[in-house]
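Colleague: Next comes model13.tsv, TSV, C-alpha atoms:
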```
chain	number	residue	atom	x	y	z
V	1	MET	CA	-64.81	-24.88	-271.86
V	2	ASN	CA	-63.95	-21.31	-272.83
V	3	SER	CA	-66.49	-18.85	-271.64
V	4	MET	CA	-67.65	-15.95	-273.75
V	5	ASP	CA	-66.80	-12.31	-273.26
V	6	VAL	CA	-69.74	-10.71	-271.51
V	7	ARG	CA	-69.53	-7.65	-273.78
V	8	VAL	CA	-70.00	-9.86	-276.83
V	9	VAL	CA	-72.94	-11.59	-275.16
V	10	ARG	CA	-74.57	-8.26	-274.37
V	11	GLU	CA	-74.00	-6.82	-277.82
V	12	LYS	CA	-75.62	-9.84	-279.45
V	13	ILE	CA	-78.50	-10.05	-276.99
V	14	GLU	CA	-79.33	-6.39	-277.44
V	15	HIS	CA	-79.80	-6.95	-281.16
V	16	ILE	CA	-82.08	-9.89	-280.65
V	17	ASN	CA	-85.08	-8.27	-282.37
V	18	ALA	CA	-83.28	-8.73	-285.66
V	19	LEU	CA	-83.48	-12.52	-285.33
V	20	PRO	CA	-85.93	-14.06	-287.79
V	21	THR	CA	-87.25	-16.28	-284.98
V	22	ILE	CA	-88.63	-13.30	-283.02
V	23	PRO	CA	-92.36	-13.16	-283.76
V	24	LYS	CA	-93.58	-10.04	-285.58
V	25	VAL	CA	-96.21	-9.45	-282.95
V	26	LEU	CA	-93.51	-9.12	-280.29
V	27	ASN	CA	-91.73	-6.37	-282.20
V	28	ARG	CA	-95.00	-4.53	-282.79
V	29	LEU	CA	-95.90	-4.96	-279.14
V	30	LEU	CA	-92.54	-3.63	-277.98
V	31	ALA	CA	-93.13	-0.46	-279.97
V	32	VAL	CA	-96.35	0.04	-278.01
V	33	ILE	CA	-94.84	-0.81	-274.63
V	34	GLU	CA	-91.74	1.32	-275.11
V	35	ASN	CA	-93.95	4.40	-275.21
V	36	PRO	CA	-94.26	5.46	-271.56
V	37	ARG	CA	-97.32	7.58	-272.34
V	38	VAL	CA	-99.34	4.83	-273.97
V	39	SER	CA	-102.97	4.88	-272.82
V	40	LEU	CA	-105.31	2.07	-271.81
V	41	ASN	CA	-107.30	2.70	-274.97
V	42	GLU	CA	-104.29	2.36	-277.24
V	43	ILE	CA	-103.26	-0.90	-275.57
V	44	SER	CA	-106.77	-2.18	-275.81
V	45	SER	CA	-107.12	-1.38	-279.52
V	46	PHE	CA	-103.68	-2.83	-280.22
V	47	ILE	CA	-104.77	-6.16	-278.71
V	48	SER	CA	-108.20	-6.09	-280.33
V	49	SER	CA	-106.71	-5.47	-283.79
V	50	ASP	CA	-105.09	-8.92	-283.64
V	51	PRO	CA	-107.59	-11.76	-283.21
V	52	ALA	CA	-104.92	-14.33	-282.32
V	53	LEU	CA	-103.50	-12.05	-279.64
V	54	THR	CA	-106.99	-11.31	-278.31
V	55	THR	CA	-107.70	-15.02	-277.86
V	56	LYS	CA	-104.39	-15.55	-276.08
V	57	VAL	CA	-104.90	-12.63	-273.72
V	58	LEU	CA	-108.43	-13.73	-272.86
V	59	ARG	CA	-107.33	-17.31	-272.29
V	60	MET	CA	-104.60	-16.12	-269.99
V	61	VAL	CA	-106.69	-13.71	-267.92
V	62	ASN	CA	-109.40	-16.33	-267.51
V	63	SER	CA	-106.90	-18.97	-266.38
V	64	PRO	CA	-106.54	-19.78	-262.69
V	65	VAL	CA	-103.29	-17.79	-262.62
V	66	TYR	CA	-105.45	-14.67	-262.29
V	67	GLY	CA	-108.29	-13.95	-259.96
V	68	PHE	CA	-111.18	-13.99	-262.40
V	69	PRO	CA	-111.45	-17.53	-263.79
V	70	GLY	CA	-113.84	-17.63	-266.73
V	71	ARG	CA	-115.30	-14.21	-266.09
V	72	ILE	CA	-113.55	-11.85	-268.50
V	73	SER	CA	-115.09	-11.75	-271.95
V	74	SER	CA	-113.56	-8.69	-273.62
V	75	VAL	CA	-110.18	-7.06	-273.94
V	76	ASN	CA	-111.58	-3.76	-272.65
V	77	GLN	CA	-112.82	-5.45	-269.52
V	78	ALA	CA	-109.45	-7.16	-268.99
V	79	VAL	CA	-107.53	-3.92	-269.37
V	80	ILE	CA	-109.79	-2.07	-266.95
V	81	LEU	CA	-109.84	-4.84	-264.33
V	82	LEU	CA	-106.13	-5.63	-264.41
V	83	GLY	CA	-104.66	-2.21	-265.14
V	84	LEU	CA	-101.99	-1.10	-267.55
V	85	THR	CA	-98.93	-2.55	-265.83
V	86	VAL	CA	-100.41	-6.03	-265.53
V	87	VAL	CA	-101.73	-6.03	-269.09
V	88	LYS	CA	-98.37	-4.91	-270.49
V	89	GLY	CA	-96.66	-7.79	-268.68
V	90	LEU	CA	-99.32	-10.26	-269.72
V	91	LEU	CA	-98.95	-9.24	-273.35
V	92	LEU	CA	-95.23	-9.86	-273.15
V	93	GLY	CA	-95.96	-13.20	-271.50
V	94	VAL	CA	-98.37	-14.40	-274.15
V	95	SER	CA	-96.13	-13.19	-276.99
V	96	VAL	CA	-93.11	-15.09	-275.71
V	97	PHE	CA	-95.21	-18.17	-274.92
V	98	GLU	CA	-94.44	-19.86	-278.25
V	99	LEU	CA	-90.78	-18.94	-277.98
V	100	MET	CA	-90.64	-20.44	-274.50
V	101	GLN	CA	-92.30	-23.64	-275.65
V	102	LYS	CA	-89.93	-23.94	-278.58
V	103	THR	CA	-86.75	-22.97	-276.77
V	104	MET	CA	-86.91	-25.05	-273.61
V	105	ILE	CA	-89.38	-27.80	-272.85
V	106	GLY	CA	-90.95	-27.11	-269.48
V	107	LEU	CA	-89.95	-23.44	-269.21
V	108	TRP	CA	-93.49	-22.26	-269.92
V	109	GLU	CA	-94.86	-24.55	-267.21
V	110	HIS	CA	-92.18	-23.33	-264.81
V	111	SER	CA	-93.05	-19.72	-265.62
V	112	ILE	CA	-96.78	-20.10	-265.30
V	113	GLY	CA	-96.34	-22.09	-262.08
V	114	THR	CA	-94.14	-19.31	-260.68
V	115	ALA	CA	-96.81	-16.76	-261.68
V	116	LEU	CA	-99.43	-18.74	-259.81
V	117	PHE	CA	-97.34	-19.23	-256.65
V	118	SER	CA	-96.27	-15.56	-256.73
V	119	ARG	CA	-99.90	-14.50	-256.73
V	120	LEU	CA	-100.78	-16.84	-253.86
V	121	ILE	CA	-97.82	-15.70	-251.74
V	122	ALA	CA	-98.63	-12.05	-252.52
V	123	LEU	CA	-102.22	-12.56	-251.38
V	124	ARG	CA	-101.16	-14.34	-248.20
V	125	THR	CA	-98.59	-11.72	-247.24
V	126	GLY	CA	-101.04	-8.86	-247.85
V	127	HIS	CA	-99.32	-7.42	-250.93
V	128	LYS	CA	-101.48	-4.74	-252.53
V	129	GLU	CA	-100.94	-5.77	-256.18
V	130	PRO	CA	-101.02	-9.58	-256.39
V	131	ASP	CA	-101.71	-9.55	-260.14
V	132	GLU	CA	-98.63	-7.42	-260.80
V	133	VAL	CA	-96.50	-9.76	-258.74
V	134	SER	CA	-97.94	-12.64	-260.72
V	135	VAL	CA	-96.71	-11.05	-263.96
V	136	ASP	CA	-93.28	-10.62	-262.35
V	137	GLY	CA	-93.34	-14.37	-261.73
V	138	LEU	CA	-94.48	-15.12	-265.27
V	139	LEU	CA	-91.56	-13.22	-266.82
V	140	HIS	CA	-88.78	-13.72	-264.24
V	141	ASP	CA	-86.88	-16.19	-266.45
V	142	ILE	CA	-87.34	-14.33	-269.74
V	143	GLY	CA	-83.54	-13.95	-269.97
V	144	LYS	CA	-83.31	-17.72	-270.59
V	145	VAL	CA	-85.42	-17.31	-273.74
V	146	PHE	CA	-83.06	-14.63	-275.09
V	147	LEU	CA	-79.97	-16.71	-274.31
V	148	VAL	CA	-81.37	-19.83	-275.97
V	149	LEU	CA	-82.51	-17.87	-279.03
V	150	GLN	CA	-79.24	-16.04	-279.57
V	151	PHE	CA	-76.88	-18.84	-278.47
V	152	PRO	CA	-78.66	-22.17	-278.98
V	153	ASP	CA	-75.51	-24.34	-279.10
V	154	GLU	CA	-73.80	-22.68	-276.16
V	155	TYR	CA	-76.97	-22.88	-274.08
V	156	GLN	CA	-77.24	-26.57	-274.86
V	157	LYS	CA	-73.73	-26.91	-273.43
V	158	ALA	CA	-74.83	-25.09	-270.29
V	159	LEU	CA	-77.77	-27.49	-269.95
V	160	THR	CA	-75.45	-30.47	-270.36
V	161	LEU	CA	-73.15	-28.97	-267.73
V	162	THR	CA	-75.96	-28.94	-265.14
V	163	GLN	CA	-76.34	-32.69	-265.66
V	164	GLU	CA	-72.65	-33.56	-265.71
V	165	ASP	CA	-71.57	-31.39	-262.79
V	166	GLY	CA	-74.80	-31.50	-260.78
V	167	ILE	CA	-75.00	-27.70	-260.70
V	168	ILE	CA	-77.90	-25.32	-261.18
V	169	ILE	CA	-78.47	-23.59	-264.52
V	170	HIS	CA	-77.59	-20.22	-262.99
V	171	GLU	CA	-74.04	-21.49	-262.29
V	172	ALA	CA	-73.76	-23.21	-265.66
V	173	GLU	CA	-74.71	-19.95	-267.38
V	174	LYS	CA	-72.01	-18.11	-265.46
V	175	SER	CA	-69.35	-20.51	-266.63
V	176	CYS	CA	-70.50	-20.45	-270.28
V	177	PHE	CA	-71.51	-16.80	-270.72
V	178	ASN	CA	-69.87	-14.98	-267.79
V	179	THR	CA	-73.35	-13.71	-266.98
V	180	THR	CA	-76.76	-15.12	-266.08
V	181	HIS	CA	-80.33	-15.11	-267.36
V	182	ALA	CA	-81.18	-12.61	-264.60
V	183	SER	CA	-78.75	-10.00	-265.98
V	184	VAL	CA	-79.63	-10.78	-269.59
V	185	GLY	CA	-83.34	-10.43	-268.82
V	186	SER	CA	-82.78	-7.10	-267.09
V	187	TRP	CA	-80.72	-5.67	-269.99
V	188	MET	CA	-83.57	-6.33	-272.36
V	189	ALA	CA	-86.23	-5.26	-269.89
V	190	ARG	CA	-84.46	-1.91	-269.60
V	191	LYS	CA	-83.87	-1.57	-273.31
V	192	TRP	CA	-87.53	-2.31	-274.04
V	193	ARG	CA	-88.74	-0.16	-271.13
V	194	PHE	CA	-90.62	-2.87	-269.26
V	195	PRO	CA	-92.37	-1.52	-266.14
V	196	SER	CA	-89.58	-0.64	-263.70
V	197	LYS	CA	-90.63	-3.01	-260.90
V	198	LEU	CA	-90.80	-5.90	-263.35
V	199	THR	CA	-87.29	-5.08	-264.57
V	200	ASP	CA	-86.04	-5.05	-261.00
V	201	VAL	CA	-87.59	-8.42	-260.11
V	202	ILE	CA	-86.13	-10.00	-263.26
V	203	GLU	CA	-82.70	-8.77	-262.18
V	204	TYR	CA	-82.94	-9.69	-258.49
V	205	HIS	CA	-85.00	-12.87	-258.28
V	206	HIS	CA	-81.87	-14.84	-257.34
V	207	LYS	CA	-80.57	-12.21	-254.90
V	208	PRO	CA	-83.68	-10.54	-253.51
V	209	HIS	CA	-81.79	-9.06	-250.54
V	210	LEU	CA	-79.85	-6.71	-252.86
V	211	THR	CA	-82.71	-4.79	-254.44
V	212	LYS	CA	-83.66	-1.40	-253.08
V	213	SER	CA	-86.91	-0.85	-254.94
V	214	THR	CA	-88.67	-4.26	-254.91
V	215	PRO	CA	-87.66	-6.18	-251.76
V	216	ALA	CA	-91.12	-7.69	-251.28
V	217	GLU	CA	-91.79	-8.52	-254.95
V	218	SER	CA	-88.33	-10.00	-255.52
V	219	ALA	CA	-88.63	-12.05	-252.33
V	220	ILE	CA	-92.04	-13.36	-253.39
V	221	VAL	CA	-90.87	-14.42	-256.86
V	222	HIS	CA	-87.67	-15.89	-255.36
V	223	ILE	CA	-89.71	-18.11	-253.03
V	224	ALA	CA	-92.35	-18.90	-255.67
V	225	ASP	CA	-89.51	-20.10	-257.95
V	226	ILE	CA	-88.28	-22.42	-255.17
V	227	LEU	CA	-91.78	-23.76	-254.44
V	228	VAL	CA	-92.50	-24.57	-258.10
V	229	ARG	CA	-89.19	-26.41	-258.30
V	230	ALA	CA	-89.90	-28.16	-255.02
V	231	ARG	CA	-93.31	-29.27	-256.25
V	232	GLY	CA	-91.60	-30.66	-259.36
V	233	PHE	CA	-93.71	-28.68	-261.82
V	234	GLY	CA	-92.16	-27.65	-265.15
V	235	PHE	CA	-88.47	-27.51	-266.03
V	236	PRO	CA	-86.32	-24.38	-265.58
V	237	GLY	CA	-83.05	-25.85	-266.87
V	238	ASP	CA	-82.12	-28.15	-263.98
V	239	ASP	CA	-83.99	-30.19	-261.38
V	240	LEU	CA	-82.34	-28.80	-258.28
V	241	ILE	CA	-83.52	-26.57	-255.47
V	242	THR	CA	-81.32	-23.69	-254.42
V	243	PRO	CA	-81.28	-22.33	-250.87
V	244	VAL	CA	-83.80	-19.68	-249.99
V	245	GLN	CA	-82.18	-16.31	-249.30
V	246	PRO	CA	-82.63	-15.93	-245.50
V	247	GLN	CA	-83.48	-12.19	-245.51
V	248	ALA	CA	-86.13	-12.72	-248.18
V	249	TRP	CA	-87.61	-15.59	-246.17
V	250	GLU	CA	-87.68	-13.57	-242.99
V	251	LEU	CA	-89.16	-10.55	-244.75
V	252	LEU	CA	-92.22	-12.55	-245.79
V	253	GLY	CA	-92.48	-14.46	-242.51
V	254	LEU	CA	-94.10	-17.56	-244.00
V	255	THR	CA	-94.57	-20.60	-241.75
V	256	GLU	CA	-94.67	-24.30	-242.60
V	257	LYS	CA	-98.46	-24.11	-242.32
V	258	ASP	CA	-98.56	-21.20	-244.81
V	259	ILE	CA	-96.44	-23.12	-247.31
V	260	LEU	CA	-98.61	-26.18	-246.97
V	261	GLU	CA	-101.77	-24.14	-247.53
V	262	ILE	CA	-100.26	-22.31	-250.51
V	263	LEU	CA	-99.34	-25.67	-252.07
V	264	LYS	CA	-102.91	-26.92	-251.53
V	265	GLU	CA	-104.43	-23.77	-253.03
V	266	ALA	CA	-102.10	-24.04	-256.02
V	267	GLU	CA	-102.65	-27.70	-256.73
V	268	GLU	CA	-105.93	-27.64	-258.64
V	269	SER	CA	-104.82	-24.59	-260.62
V	270	LEU	CA	-101.55	-26.31	-261.51
V	271	GLN	CA	-103.49	-29.27	-262.85
V	272	ILE	CA	-105.65	-26.96	-264.95
V	273	THR	CA	-102.72	-24.85	-266.16
V	274	GLU	CA	-100.88	-27.99	-267.18
V	275	ASP	CA	-103.20	-28.01	-270.21
V	276	LEU	CA	-103.09	-24.23	-270.68
V	277	THR	CA	-101.82	-23.64	-274.17
V	278	LEU	CA	-102.29	-20.28	-275.77
C	1	MET	CA	-108.68	-32.07	-262.80
C	2	PRO	CA	-109.68	-35.60	-263.85
C	3	LYS	CA	-111.31	-36.35	-267.20
C	4	ILE	CA	-113.99	-38.95	-266.68
C	5	VAL	CA	-115.69	-41.14	-269.26
C	6	PRO	CA	-119.48	-40.64	-269.38
C	7	GLY	CA	-120.10	-44.14	-267.98
C	8	ASN	CA	-118.38	-43.21	-264.70
C	9	LEU	CA	-120.08	-39.87	-264.04
C	10	GLN	CA	-121.92	-39.52	-260.73
C	11	PRO	CA	-124.65	-37.06	-259.74
C	12	GLY	CA	-123.20	-34.17	-257.69
C	13	MET	CA	-119.94	-33.92	-259.66
C	14	LYS	CA	-119.23	-30.46	-261.08
C	15	THR	CA	-117.86	-29.75	-264.54
C	16	ALA	CA	-114.46	-28.06	-264.63
C	17	LYS	CA	-114.63	-27.21	-268.34
C	18	PRO	CA	-117.53	-26.93	-270.80
C	19	VAL	CA	-118.78	-30.34	-271.97
C	20	VAL	CA	-118.44	-30.68	-275.73
C	21	ASN	CA	-119.42	-33.48	-278.09
C	22	THR	CA	-116.98	-34.94	-280.60
C	23	SER	CA	-117.85	-32.28	-283.18
C	24	GLY	CA	-117.03	-29.52	-280.71
C	25	MET	CA	-120.57	-28.37	-279.89
C	26	VAL	CA	-120.91	-27.12	-276.31
C	27	LEU	CA	-123.56	-29.11	-274.44
C	28	LEU	CA	-123.05	-27.83	-270.89
C	29	GLY	CA	-121.14	-24.92	-269.40
C	30	GLU	CA	-118.37	-25.24	-266.85
C	31	ASN	CA	-119.17	-25.23	-263.15
C	32	THR	CA	-122.45	-27.14	-263.73
C	33	GLU	CA	-123.49	-29.65	-261.09
C	34	LEU	CA	-124.43	-32.93	-262.75
C	35	THR	CA	-127.88	-34.41	-262.09
C	36	PRO	CA	-129.02	-37.93	-263.11
C	37	GLU	CA	-130.95	-36.35	-266.03
C	38	LEU	CA	-127.92	-34.43	-267.29
C	39	ILE	CA	-125.74	-37.55	-267.00
C	40	ASP	CA	-128.26	-39.51	-269.09
C	41	ARG	CA	-128.21	-36.77	-271.69
C	42	ILE	CA	-124.39	-36.69	-271.79
C	43	ARG	CA	-124.33	-40.47	-272.23
C	44	ASN	CA	-126.69	-40.23	-275.21
C	45	MET	CA	-124.58	-37.62	-276.96
C	46	GLU	CA	-121.21	-38.26	-278.50
C	47	VAL	CA	-119.06	-37.13	-275.60
C	48	ASP	CA	-115.73	-38.84	-275.03
C	49	GLY	CA	-115.03	-37.45	-271.57
C	50	VAL	CA	-115.99	-34.78	-269.06
C	51	TYR	CA	-113.55	-32.68	-267.01
C	52	ILE	CA	-114.61	-32.77	-263.38
C	53	GLN	CA	-113.58	-30.35	-260.63
C	54	GLY	CA	-111.25	-31.77	-258.03
C	55	LEU	CA	-107.82	-33.28	-258.09
C	56	SER	CA	-106.74	-36.21	-260.14
C	57	LYS	CA	-104.23	-38.56	-258.56
C	58	PRO	CA	-100.67	-38.11	-259.77
C	59	SER	CA	-99.58	-40.54	-262.44
C	60	VAL	CA	-96.32	-41.58	-260.73
C	61	PRO	CA	-96.28	-43.88	-257.67
C	62	VAL	CA	-95.91	-42.12	-254.30
C	63	GLU	CA	-92.45	-43.65	-253.66
C	64	ALA	CA	-91.13	-42.20	-256.93
C	65	ALA	CA	-92.64	-38.79	-256.20
C	66	LEU	CA	-91.02	-38.69	-252.75
C	67	SER	CA	-87.61	-39.87	-253.91
C	68	GLY	CA	-87.76	-37.25	-256.67
C	69	LEU	CA	-88.43	-34.66	-253.98
C	70	GLU	CA	-85.41	-35.72	-251.91
C	71	ARG	CA	-83.26	-35.69	-255.06
C	72	ARG	CA	-84.32	-32.13	-255.88
C	73	PHE	CA	-83.42	-31.00	-252.35
C	74	ARG	CA	-80.03	-32.74	-252.33
C	75	LEU	CA	-77.94	-29.53	-252.43
C	76	VAL	CA	-79.71	-27.68	-249.66
C	77	GLY	CA	-79.70	-30.04	-246.67
C	78	GLY	CA	-78.79	-27.98	-243.60
C	79	GLU	CA	-79.42	-24.60	-245.25
C	80	PRO	CA	-81.54	-22.26	-243.12
C	81	HIS	CA	-85.33	-22.56	-243.56
C	82	MET	CA	-85.05	-25.24	-246.26
C	83	ASP	CA	-86.18	-27.95	-243.88
C	84	ILE	CA	-89.48	-26.14	-243.36
C	85	ILE	CA	-90.06	-25.96	-247.11
C	86	ARG	CA	-89.03	-29.57	-247.69
C	87	LYS	CA	-91.31	-30.83	-244.90
C	88	ALA	CA	-94.30	-28.85	-246.19
C	89	VAL	CA	-93.81	-30.05	-249.76
C	90	ARG	CA	-93.38	-33.64	-248.56
C	91	LYS	CA	-96.61	-33.50	-246.55
C	92	HIS	CA	-98.36	-31.96	-249.54
C	93	ILE	CA	-97.18	-34.66	-251.95
C	94	GLU	CA	-98.16	-37.42	-249.51
C	95	GLY	CA	-101.57	-35.76	-249.23
C	96	LEU	CA	-102.13	-36.02	-253.00
C	97	TYR	CA	-102.21	-39.81	-252.68
C	98	GLU	CA	-104.69	-40.08	-249.79
```
For the structure just supplied, provide its representation as structure tokens.
Modeller:
Amino acid sequence: MNSMDVRVVREKIEHINALPTIPKVLNRLLAVIENPRVSLNEISSFISSDPALTTKVLRMVNSPVYGFPGRISSVNQAVILLGLTVVKGLLLGVSVFELMQKTMIGLWEHSIGTALFSRLIALRTGHKEPDEVSVDGLLHDIGKVFLVLQFPDEYQKALTLTQEDGIIIHEAEKSCFNTTHASVGSWMARKWRFPSKLTDVIEYHHKPHLTKSTPAESAIVHIADILVRARGFGFPGDDLITPVQPQAWELLGLTEKDILEILKEAEESLQITEDLTL
Amino acid sequence: MPKIVPGNLQPGMKTAKPVVNTSGMVLLGENTELTPELIDRIRNMEVDGVYIQGLSKPSVPVEAALSGLERRFRLVGGEPHMDIIRKAVRKHIEGLYE
């Protein structure tokens, strides 16, 4: 199959907000997020002005993916407890939720599972901002959503290729688009001024040893991604496990016992999040 | 998180989600420990099921779950550290069926 010119792919992806399938709320939200000086109050009133968005945010922050199950009752409280960076990421997460569900069955489950495992690994390895790392996990595969939306037929071919050739989606994307969801996600994250650490993790979650600014966060999401696949939860485009990057593994220093305990801690939450629709 | 029909509820179980009747009215909050009196009350209301804390058993047989696991790991046999992850996940999955 002929692969596409990466410049054409980038050009089209960068104009994705013009697609009629992009929800209005996402475009309005991006305008808020793009402003680096936005305050907690502005974010909070933006969410509160949209009842549907409010419900989604509250459902998400009260889910087991975060540390306050069932205890947050207002948007103000959520914004204060979680902080600006986490709330920005969460808002992006809940606004692409429907897109994820429509574009690839199982991608939402994969994303939310990765968010959960990222948080648990962050807690276990003593990371200072487990909720931020959880958002990194939630959005790490956002590039897949953009690719499917802009190139539905070509992406379908990539998915078929994983089946026929027994390769992972990352490889199939390379042969169809000359690029991967990690790069695509990072282009858009930069264009839309996502928090810089989040942008970095999106770019490096498949090669966490190459990042300079987020070695720990990228390693955590990289391993969380593998654990969710290993557990067989959700569907990220193929049903294969890729090797863990040795430097990332050694950086976190997890043992077999740690992994087993993380899986146990995650299990009940996974069963609850299986029914988490926003 | 298993959903249990009112007839099978036992005292001591804890609710994992609010208990609602068929018209959506909340009868009990989540995280409530069930007593014989509460169970009687739930049985007399129109409740089709109650979510209970704890794990429900997976719906696929253990053999299928384990062969699925080996299939997912088929590309990474012999890669560094992958054996540790595979062993932990295998133990975990076996544990879900105990």
Colleague: Tell me, in Å to one decimal, how far CA of His15 (chain V) is from CA of Met188 (chain V).
Modeller: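 These two atoms are separated by 9.6 Å.
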Colleague: Taking all atoms listed in the file into account and nothing else, which residues of chain C lie no more than 9 Å away from chain V? Please answer as a PyMOL selection string.
Modeller: chain C and resi 1-2+16+30+53-56+65+68-69+71-77+79-82+84-93
Colleague: To one decimal in Å, tell me the separation between CA of Pro215 (chain V) and CA of His170 (chain V).
Modeller: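 Interatomic distance here is 20.6 Å.
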Colleague: Provide the CA of Glu63 (chain C) to CA of Pro64 (chain V) distance in Å, to one decimal place.
Modeller: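 Going from CA of Glu63 (chain C) over to CA of Pro64 (chain V), I get 29.2 Å.
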Colleague: Please provide as a PyMOL selection string all residues within 12 Å of region 34-40 of chain C, with the sequence filter that same-chain residues fewer than 5 positions apart are discarded (counting all atoms listed in the file).
Modeller: chain C and resi 4-16+19+27-29+45-47+49-53
Colleague: Give me the residues within 9 Å of His181 (chain V) as a list of chain:residue names, counting all atoms listed in the file and dropping any in the same chain fewer than 3 places off.
Modeller: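 So, after excluding close chain neighbours, the residues are V:Asp141, V:Ile142, V:Gly143, V:Lys144, V:Val145, V:Phe146, V:Leu147, V:His170, V:Glu173, V:Val184, V:Gly185, V:Ser186, V:Ile202, V:Glu203.
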Colleague: Neighbouring residues of region 40-56 of chain V were defined as those with any atom within 8 Å, considering all atoms listed in the file; residues of the same chain fewer than 3 positions away were excluded. Please report them as a PyMOL selection string.
Modeller: chain V and resi 32+59-60+75-76+79-80+83-84+94-95+278
Colleague: Keeping only C-alpha atoms, write the selected residues to a file as a PDB file, keeping the file's coordinate frame.
Modeller:
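Output file out.pdb is given in full below:
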```pdb
ATOM      1  CA  VAL V  32     -96.350   0.040-278.010  1.00  0.00           C
ATOM      2  CA  ARG V  59    -107.330 -17.310-272.290  1.00  0.00           C
ATOM      3  CA  MET V  60    -104.600 -16.120-269.990  1.00  0.00           C
ATOM      4  CA  VAL V  75    -110.180  -7.060-273.940  1.00  0.00           C
ATOM      5  CA  ASN V  76    -111.580  -3.760-272.650  1.00  0.00           C
ATOM      6  CA  VAL V  79    -107.530  -3.920-269.370  1.00  0.00           C
ATOM      7  CA  ILE V  80    -109.790  -2.070-266.950  1.00  0.00           C
ATOM      8  CA  GLY V  83    -104.660  -2.210-265.140  1.00  0.00           C
ATOM      9  CA  LEU V  84    -101.990  -1.100-267.550  1.00  0.00           C
ATOM     10  CA  VAL V  94     -98.370 -14.400-274.150  1.00  0.00           C
ATOM     11  CA  SER V  95     -96.130 -13.190-276.990  1.00  0.00           C
ATOM     12  CA  LEU V 278    -102.290 -20.280-275.770  1.00  0.00           C
TER      13      LEU V 278
END
```
Colleague: Using only C-alpha atoms, which of the listed residues (V:Glu265, V:Glu171, V:Asp136, V:Glu154) sits closest to Val201 (chain V)?
Modeller: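 Closest residue, counting only C-alpha atoms: V:Asp136.
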Colleague: Which residues come within 8 Å of His206 (chain V), counting all atoms listed in the file, excluding same-chain residues fewer than 2 positions away, as a count of residues only?
Modeller: 5
Colleague: From the set V:Lys191, V:Lys88, V:Lys197, V:Arg71, which residue has the shortest atom-to-atom contact distance to Leu29 (chain V), counting all atoms listed in the file?
Modeller: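 Of V:Lys191, V:Lys88, V:Lys197, V:Arg71, the one nearest Leu29 (chain V) is V:Lys88, counting all atoms listed in the file.
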